[in-house]
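*Asks:* Input: one structure, supplied below.
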Amino acid sequence: MADTISRKDAIGVFDSGMGGISVLRELIKIMPDEKYIYYGDNANAPYGTKSKETILKLTLNAVKELEERKIKALVVACNTATSVAVKTLREKYSDIPVIGIEPAVKPAAYENMGAGAIAVMATPATLKLEKFLNLSAIYKKDNKIISIPCPGLAELIEQGITRGEQVNNLLKQFFKPYIHENIRSVVLGCTHYPFIKNEINIFFAGKVKIYDGANGTARQTKRLLEQAGMLTDNKKGSIEFISSNKNKKEQELFDFLLNME
Ligand code: DGL
């Protein structure tokens, strides 16, 4: 019995709040038989407007919660936490695969081929940190990349507000300086934003292609588990939701997201 309890068999998925559910959805699509433990640090969200030091501290505390539950892999389903902490997490948890998410600039740039501007929506922290600056430097040569910091947006989504005037007003405010740009692609560089994908689509009158990193992250996770021979042979997939804010109902949010498409 003790043996089963201590066996590392779950995939831990972490986000500052509910955003990582958009990544969990993709993981489940391609690995339905796995056991998932989702940890949302809702009590401390948003991370994206906090200092690097605070984000690192919060991330390490949250991941510890997952580690104690004997995970076999960690998916950092938060662009902000990945930007700040993925290196530290890989060092600290070197015995398991640690997968980080990053804004899907690569696929956007590949399809865009310089045809118009690529707008990257993300938290202020993600956009000013080295990880993103290095990524955009690669694709800036052939594409116009516009960074759109979106303070306040993850907070709104965290409150369950995913449509209507408040969302639209923020979008107007964020994109106002760029109305004369020929924006053809929008990269959702924060895992909360897929929850408002429909609103972004309406805002741009369906004229942009929207990208997010969730599917790429899920595929990378599967690849690493496959390579390490760590995919489950169990046929009983399961999800456990844990939140640092006892009032959050991640399960409901998950159902909401599943019903979106
Ligand atoms: N979901 C997080 C991300 O992908 C950020 C939200 C927050 O600011 O906490 O960047």
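Each chain in the structure tokens gets a letter, A, B and so on, in the order shown; residues start at 1 in every chain, and ligands are counted from 1 in the order they appear.
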All residues within 8 Å of ligand 1 are required, counting only C-alpha atoms and all ligand atoms; please report them as a PyMOL selection string.
*Replies:* chain A and resi 15-20+44-49+77-81+101+122-123+126+151+154-155+189-193
*Asks:* Can you list, as number ranges by chain, all residues belonging to range 16-209 of chain A that DSSP tags as helix (DSSP H, G or I)?
*Replies:* A: 21-30, 42-44, 52-67, 79-92, 105-112, 124-128, 130-140, 153-158, 165-178, 193-203
*Asks:* Considering only C-alpha atoms, return as a PyMOL selection string whatever protein or nucleic-acid residues lie within 7 Å of range 239-249 of chain A, sequence-local ones (same chain, fewer than 6 positions apart) excluded.
*Replies:* chain A and resi 35-43
*Asks:* Could those residues be written to a file, using N, CA, C and O atoms, as a PDB file, in the first residue's frame?
*Replies:*
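See again.pdb below for the written result:
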ATOM      1  N   LYS A  35      -3.113  10.630 -15.038  1.00  0.00           N
ATOM      2  CA  LYS A  35      -3.666  11.182 -13.811  1.00  0.00           C
ATOM      3  C   LYS A  35      -3.084  12.596 -13.662  1.00  0.00           C
ATOM      4  O   LYS A  35      -1.862  12.772 -13.708  1.00  0.00           O
ATOM      5  N   TYR A  36      -3.960  13.594 -13.515  1.00  0.00           N
ATOM      6  CA  TYR A  36      -3.491  14.979 -13.428  1.00  0.00           C
ATOM      7  C   TYR A  36      -3.796  15.586 -12.062  1.00  0.00           C
ATOM      8  O   TYR A  36      -4.879  15.363 -11.513  1.00  0.00           O
ATOM      9  N   ILE A  37      -2.862  16.348 -11.558  1.00  0.00           N
ATOM     10  CA  ILE A  37      -3.147  17.153 -10.360  1.00  0.00           C
ATOM     11  C   ILE A  37      -2.901  18.606 -10.764  1.00  0.00           C
ATOM     12  O   ILE A  37      -1.796  18.981 -11.178  1.00  0.00           O
ATOM     13  N   TYR A  38      -3.967  19.393 -10.698  1.00  0.00           N
ATOM     14  CA  TYR A  38      -3.868  20.800 -11.093  1.00  0.00           C
ATOM     15  C   TYR A  38      -3.803  21.671  -9.857  1.00  0.00           C
ATOM     16  O   TYR A  38      -4.654  21.574  -8.978  1.00  0.00           O
ATOM     17  N   TYR A  39      -2.788  22.526  -9.814  1.00  0.00           N
ATOM     18  CA  TYR A  39      -2.691  23.454  -8.684  1.00  0.00           C
ATOM     19  C   TYR A  39      -2.803  24.894  -9.185  1.00  0.00           C
ATOM     20  O   TYR A  39      -1.989  25.354  -9.977  1.00  0.00           O
ATOM     21  N   GLY A  40      -3.813  25.595  -8.724  1.00  0.00           N
ATOM     22  CA  GLY A  40      -3.989  27.014  -9.059  1.00  0.00           C
ATOM     23  C   GLY A  40      -3.713  27.843  -7.811  1.00  0.00           C
ATOM     24  O   GLY A  40      -4.351  27.644  -6.781  1.00  0.00           O
ATOM     25  N   ASP A  41      -2.769  28.764  -7.933  1.00  0.00           N
ATOM     26  CA  ASP A  41      -2.438  29.604  -6.772  1.00  0.00           C
ATOM     27  C   ASP A  41      -3.348  30.835  -6.753  1.00  0.00           C
ATOM     28  O   ASP A  41      -2.875  31.979  -6.663  1.00  0.00           O
ATOM     29  N   ASN A  42      -4.643  30.589  -6.838  1.00  0.00           N
ATOM     30  CA  ASN A  42      -5.613  31.682  -6.971  1.00  0.00           C
ATOM     31  C   ASN A  42      -5.521  32.722  -5.857  1.00  0.00           C
ATOM     32  O   ASN A  42      -5.815  33.896  -6.074  1.00  0.00           O
ATOM     33  N   ALA A  43      -5.115  32.280  -4.672  1.00  0.00           N
ATOM     34  CA  ALA A  43      -5.046  33.222  -3.549  1.00  0.00           C
ATOM     35  C   ALA A  43      -3.993  34.302  -3.819  1.00  0.00           C
ATOM     36  O   ALA A  43      -4.091  35.408  -3.286  1.00  0.00           O
TER      37      ALA A  43
END
*Asks:* Could you give me, as a ChimeraX atom specification, the residues within 9 Å of Phe132 in chain A, counting only C-alpha atoms and dropping anything in the same chain fewer than 4 positions from it?
*Replies:* /A:83,102-103,126-128,136-137
*Asks:* So that I have them on file, write out the residues from the current selection with C-alpha atoms, as a PDB file, in the first residue's frame.
*Replies:*
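What follows is the written file result.pdb:
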ATOM      1  CA  SER A  83       9.759  33.165 -17.554  1.00  0.00           C
ATOM      2  CA  GLU A 102       6.112  30.131 -23.842  1.00  0.00           C
ATOM      3  CA  PRO A 103       4.195  32.531 -26.094  1.00  0.00           C
ATOM      4  CA  THR A 126       6.479  38.023 -19.213  1.00  0.00           C
ATOM      5  CA  LEU A 127       7.082  40.731 -21.795  1.00  0.00           C
ATOM      6  CA  LYS A 128       9.926  42.430 -20.005  1.00  0.00           C
ATOM      7  CA  SER A 136      11.135  37.826 -29.987  1.00  0.00           C
ATOM      8  CA  ALA A 137      14.669  38.784 -31.049  1.00  0.00           C
TER       9      ALA A 137
END
*Asks:* Kindly indicate which residue among A:Leu24, A:Pro124, A:Phe195, A:Met230 lies nearest to Leu156 in chain A, using only C-alpha atoms for the distances.
*Replies:*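 Distance minimum relative to Leu156 in chain A lands on A:Phe195.
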*Asks:* Can you tell me, as a PyMOL selection string, what residues are no more than 12 Å from range 223-229 of chain A when counting only C-alpha atoms, ignoring any on the same chain fewer than 5 positions away?
*Replies:* chain A and resi 9-11+27+30-31+34+72-75+95-99+216-218
*Asks:* Since we have the selection now, will you write its residues out, keeping all heavy atoms, as a compact mmCIF listing (two decimals), in the first residue's frame?
*Replies:*
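Saved the output as selection_37.txt:
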# COMPACT_ATOMS: atom_id res chain seq x y z
N ASP A 9 3.10 9.01 -10.04
CA ASP A 9 2.32 8.63 -11.22
C ASP A 9 1.49 9.75 -11.82
O ASP A 9 0.85 9.56 -12.85
CB ASP A 9 1.43 7.42 -10.90
CG ASP A 9 0.45 7.70 -9.78
OD1 ASP A 9 0.52 8.79 -9.20
OD2 ASP A 9 -0.37 6.81 -9.49
N ALA A 10 1.50 10.93 -11.19
CA ALA A 10 0.64 11.99 -11.72
C ALA A 10 1.45 13.06 -12.46
O ALA A 10 2.64 13.23 -12.24
CB ALA A 10 -0.12 12.65 -10.57
N ILE A 11 0.75 13.76 -13.35
CA ILE A 11 1.36 14.91 -14.01
C ILE A 11 0.86 16.15 -13.26
O ILE A 11 -0.35 16.37 -13.15
CB ILE A 11 0.94 14.98 -15.50
CG1 ILE A 11 1.40 13.72 -16.24
CG2 ILE A 11 1.49 16.24 -16.16
CD1 ILE A 11 0.95 13.63 -17.69
N LEU A 27 -3.67 18.87 -22.65
CA LEU A 27 -2.98 17.66 -22.15
C LEU A 27 -3.95 16.48 -22.17
O LEU A 27 -3.60 15.37 -22.61
CB LEU A 27 -2.48 17.90 -20.72
CG LEU A 27 -1.26 18.82 -20.55
CD1 LEU A 27 -1.15 19.31 -19.11
CD2 LEU A 27 0.02 18.10 -20.96
N ILE A 30 -4.71 14.88 -25.60
CA ILE A 30 -3.75 13.95 -26.20
C ILE A 30 -3.26 12.85 -25.26
O ILE A 30 -2.69 11.87 -25.70
CB ILE A 30 -2.55 14.69 -26.84
CG1 ILE A 30 -1.76 15.49 -25.81
CG2 ILE A 30 -2.99 15.59 -27.98
CD1 ILE A 30 -0.41 15.98 -26.34
N MET A 31 -3.51 13.03 -23.95
CA MET A 31 -3.15 11.96 -23.00
C MET A 31 -4.31 11.76 -22.01
O MET A 31 -4.19 12.06 -20.82
CB MET A 31 -1.86 12.34 -22.24
CG MET A 31 -0.62 12.40 -23.11
SD MET A 31 0.86 12.85 -22.16
CE MET A 31 0.63 14.59 -21.92
N GLU A 34 -3.96 9.72 -18.47
CA GLU A 34 -3.06 10.11 -17.38
C GLU A 34 -3.84 10.62 -16.16
O GLU A 34 -4.99 11.02 -16.26
CB GLU A 34 -2.10 11.22 -17.86
CG GLU A 34 -1.12 10.80 -18.93
CD GLU A 34 -0.05 9.83 -18.41
OE1 GLU A 34 0.20 9.77 -17.20
OE2 GLU A 34 0.53 9.12 -19.27
N LYS A 72 5.13 12.86 -11.43
CA LYS A 72 6.19 12.28 -12.27
C LYS A 72 6.67 13.29 -13.32
O LYS A 72 7.67 13.07 -14.00
CB LYS A 72 5.69 11.01 -12.96
CG LYS A 72 4.58 11.22 -13.97
CD LYS A 72 4.22 9.93 -14.69
CE LYS A 72 3.07 10.12 -15.66
NZ LYS A 72 2.68 8.90 -16.34
N ALA A 73 5.91 14.39 -13.47
CA ALA A 73 6.31 15.46 -14.39
C ALA A 73 5.62 16.74 -13.94
O ALA A 73 4.56 16.69 -13.31
CB ALA A 73 5.89 15.13 -15.82
N LEU A 74 6.24 17.86 -14.26
CA LEU A 74 5.64 19.15 -13.89
C LEU A 74 5.44 20.00 -15.14
O LEU A 74 6.38 20.22 -15.90
CB LEU A 74 6.57 19.90 -12.92
CG LEU A 74 6.19 21.35 -12.62
CD1 LEU A 74 4.89 21.42 -11.80
CD2 LEU A 74 7.31 22.07 -11.88
N VAL A 75 4.20 20.45 -15.34
CA VAL A 75 3.92 21.37 -16.44
C VAL A 75 3.67 22.75 -15.83
O VAL A 75 2.72 22.93 -15.08
CB VAL A 75 2.69 20.90 -17.26
CG1 VAL A 75 2.42 21.88 -18.40
CG2 VAL A 75 2.90 19.49 -17.80
N ASP A 95 14.98 15.34 -11.17
CA ASP A 95 14.61 13.94 -11.38
C ASP A 95 13.32 13.76 -12.18
O ASP A 95 12.93 12.65 -12.51
CB ASP A 95 14.46 13.23 -10.01
CG ASP A 95 13.44 13.91 -9.10
OD1 ASP A 95 13.31 15.16 -9.19
OD2 ASP A 95 12.76 13.20 -8.34
N ILE A 96 12.64 14.86 -12.50
CA ILE A 96 11.41 14.73 -13.31
C ILE A 96 11.45 15.73 -14.47
O ILE A 96 12.10 16.77 -14.36
CB ILE A 96 10.12 14.96 -12.47
CG1 ILE A 96 10.13 16.37 -11.81
CG2 ILE A 96 9.88 13.86 -11.44
CD1 ILE A 96 8.80 16.78 -11.20
N PRO A 97 10.73 15.43 -15.55
CA PRO A 97 10.66 16.43 -16.63
C PRO A 97 9.89 17.67 -16.16
O PRO A 97 8.82 17.53 -15.56
CB PRO A 97 9.90 15.70 -17.75
CG PRO A 97 9.86 14.27 -17.38
CD PRO A 97 10.03 14.18 -15.90
N VAL A 98 10.45 18.83 -16.42
CA VAL A 98 9.77 20.10 -16.10
C VAL A 98 9.54 20.82 -17.43
O VAL A 98 10.49 21.14 -18.14
CB VAL A 98 10.63 20.97 -15.16
CG1 VAL A 98 9.97 22.33 -14.93
CG2 VAL A 98 10.87 20.26 -13.82
N ILE A 99 8.27 21.00 -17.76
CA ILE A 99 7.93 21.59 -19.06
C ILE A 99 7.37 22.99 -18.84
O ILE A 99 6.44 23.17 -18.05
CB ILE A 99 6.89 20.71 -19.81
CG1 ILE A 99 7.46 19.31 -20.04
CG2 ILE A 99 6.50 21.32 -21.16
CD1 ILE A 99 7.07 18.30 -19.02
N GLY A 216 1.15 23.18 -28.03
CA GLY A 216 2.59 22.91 -28.16
C GLY A 216 3.17 22.39 -26.85
O GLY A 216 4.00 21.47 -26.83
N THR A 217 2.72 22.95 -25.75
CA THR A 217 3.20 22.53 -24.44
C THR A 217 2.74 21.11 -24.13
O THR A 217 3.51 20.29 -23.61
CB THR A 217 2.67 23.51 -23.35
OG1 THR A 217 3.05 24.82 -23.73
CG2 THR A 217 3.22 23.19 -21.98
N ALA A 218 1.50 20.82 -24.48
CA ALA A 218 0.97 19.47 -24.24
C ALA A 218 1.74 18.45 -25.07
O ALA A 218 2.13 17.38 -24.58
CB ALA A 218 -0.52 19.42 -24.58
*Asks:* Point out the residue among A:Ile71, A:Ile146, A:Ile55, A:Val187 with the least atom-to-atom distance to Ala85 in chain A, counting only C-alpha atoms.
*Replies:*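 Under the stated criterion, the closest residue is A:Ile55.
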*Asks:* Rounded to one decimal place, report the CA of Val186 in chain A-CA of Met121 in chain A distance in Å.
*Replies:*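 According to the coordinates, CA of Val186 in chain A and CA of Met121 in chain A are separated by 7.2 Å.
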*Asks:* Give the strand (DSSP E) residues of range 9-258 of chain A, as DSSP finds them on the backbone, and put them as an MDAnalysis selection string.
*Replies:* chainID A and resid 10:15 35:40 71:76 98:100 117:122 144:149 183:188 209:212 238:243
*Asks:* Rounded to one decimal, what separation in Å do you get between CA of Lys222 in chain A and CA of Lys197 in chain A?
*Replies:*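 About the pair CA of Lys222 in chain A and CA of Lys197 in chain A: they are 25.0 Å apart.
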*Asks:* Have a look at A:Glu199, A:Asp233, A:Gly12, A:Leu129 and name the one nearest to Glu68 in chain A; count only C-alpha atoms.
*Replies:*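 Closest to Glu68 in chain A, using only C-alpha atoms: A:Gly12.
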*Asks:* Need to verify the contact set: range 175-182 of chain A, 9 Å, only C-alpha atoms, exclusion of same-chain residues closer than 3 positions in sequence. Can you return it as a list in words?
*Replies:*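 So, after excluding close chain neighbours, the residues are Ala115, Gly116, Ala117, Ile118, Ile146, Ile148, Leu170, Leu171 and Lys172 of chain A.
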*Asks:* Using N, CA, C and O atoms, can you write the selected residues to a file as a PDB file, in the first residue's frame?
*Replies:*
ATOM      1  N   ALA A 115       3.809  38.953 -43.310  1.00  0.00           N
ATOM      2  CA  ALA A 115       2.654  39.537 -43.993  1.00  0.00           C
ATOM      3  C   ALA A 115       1.992  40.678 -43.221  1.00  0.00           C
ATOM      4  O   ALA A 115       1.323  41.521 -43.794  1.00  0.00           O
ATOM      5  N   GLY A 116       2.151  40.702 -41.934  1.00  0.00           N
ATOM      6  CA  GLY A 116       1.536  41.754 -41.121  1.00  0.00           C
ATOM      7  C   GLY A 116       2.155  41.693 -39.751  1.00  0.00           C
ATOM      8  O   GLY A 116       3.056  40.893 -39.509  1.00  0.00           O
ATOM      9  N   ALA A 117       1.663  42.539 -38.855  1.00  0.00           N
ATOM     10  CA  ALA A 117       2.266  42.534 -37.517  1.00  0.00           C
ATOM     11  C   ALA A 117       1.715  41.393 -36.663  1.00  0.00           C
ATOM     12  O   ALA A 117       0.586  40.948 -36.842  1.00  0.00           O
ATOM     13  N   ILE A 118       2.559  40.938 -35.747  1.00  0.00           N
ATOM     14  CA  ILE A 118       2.159  39.912 -34.780  1.00  0.00           C
ATOM     15  C   ILE A 118       2.063  40.608 -33.426  1.00  0.00           C
ATOM     16  O   ILE A 118       3.056  41.150 -32.934  1.00  0.00           O
ATOM     17  N   ILE A 146       4.744  43.152 -32.002  1.00  0.00           N
ATOM     18  CA  ILE A 146       4.336  44.214 -31.072  1.00  0.00           C
ATOM     19  C   ILE A 146       3.984  43.585 -29.725  1.00  0.00           C
ATOM     20  O   ILE A 146       3.129  42.697 -29.645  1.00  0.00           O
ATOM     21  N   ILE A 148       2.177  43.599 -26.290  1.00  0.00           N
ATOM     22  CA  ILE A 148       1.019  44.271 -25.682  1.00  0.00           C
ATOM     23  C   ILE A 148       0.888  43.806 -24.229  1.00  0.00           C
ATOM     24  O   ILE A 148       0.262  42.776 -23.951  1.00  0.00           O
ATOM     25  N   LEU A 170     -10.940  46.915 -21.917  1.00  0.00           N
ATOM     26  CA  LEU A 170      -9.507  46.669 -21.737  1.00  0.00           C
ATOM     27  C   LEU A 170      -8.831  46.416 -23.084  1.00  0.00           C
ATOM     28  O   LEU A 170      -7.747  46.935 -23.356  1.00  0.00           O
ATOM     29  N   LEU A 171      -9.484  45.639 -23.930  1.00  0.00           N
ATOM     30  CA  LEU A 171      -8.900  45.360 -25.249  1.00  0.00           C
ATOM     31  C   LEU A 171      -8.700  46.669 -26.022  1.00  0.00           C
ATOM     32  O   LEU A 171      -7.647  46.898 -26.627  1.00  0.00           O
ATOM     33  N   LYS A 172      -9.714  47.529 -25.966  1.00  0.00           N
ATOM     34  CA  LYS A 172      -9.625  48.839 -26.653  1.00  0.00           C
ATOM     35  C   LYS A 172      -8.421  49.615 -26.137  1.00  0.00           C
ATOM     36  O   LYS A 172      -7.650  50.174 -26.911  1.00  0.00           O
TER      37      LYS A 172
END
*Asks:* Just give me the gap between CA of Phe14 in chain A and CA of Val63 in chain A in Å, one decimal is fine.
*Replies:*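 Between these atoms lies a distance of 7.1 Å.
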*Asks:* Measuring atom to atom with only C-alpha atoms, identify which of A:Ile28, A:Leu66, A:Ile200, A:Ile145 is nearest to Asn112 in chain A.
*Replies:*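 The shortest atom-to-atom distance to Asn112 in chain A comes from A:Ile145.
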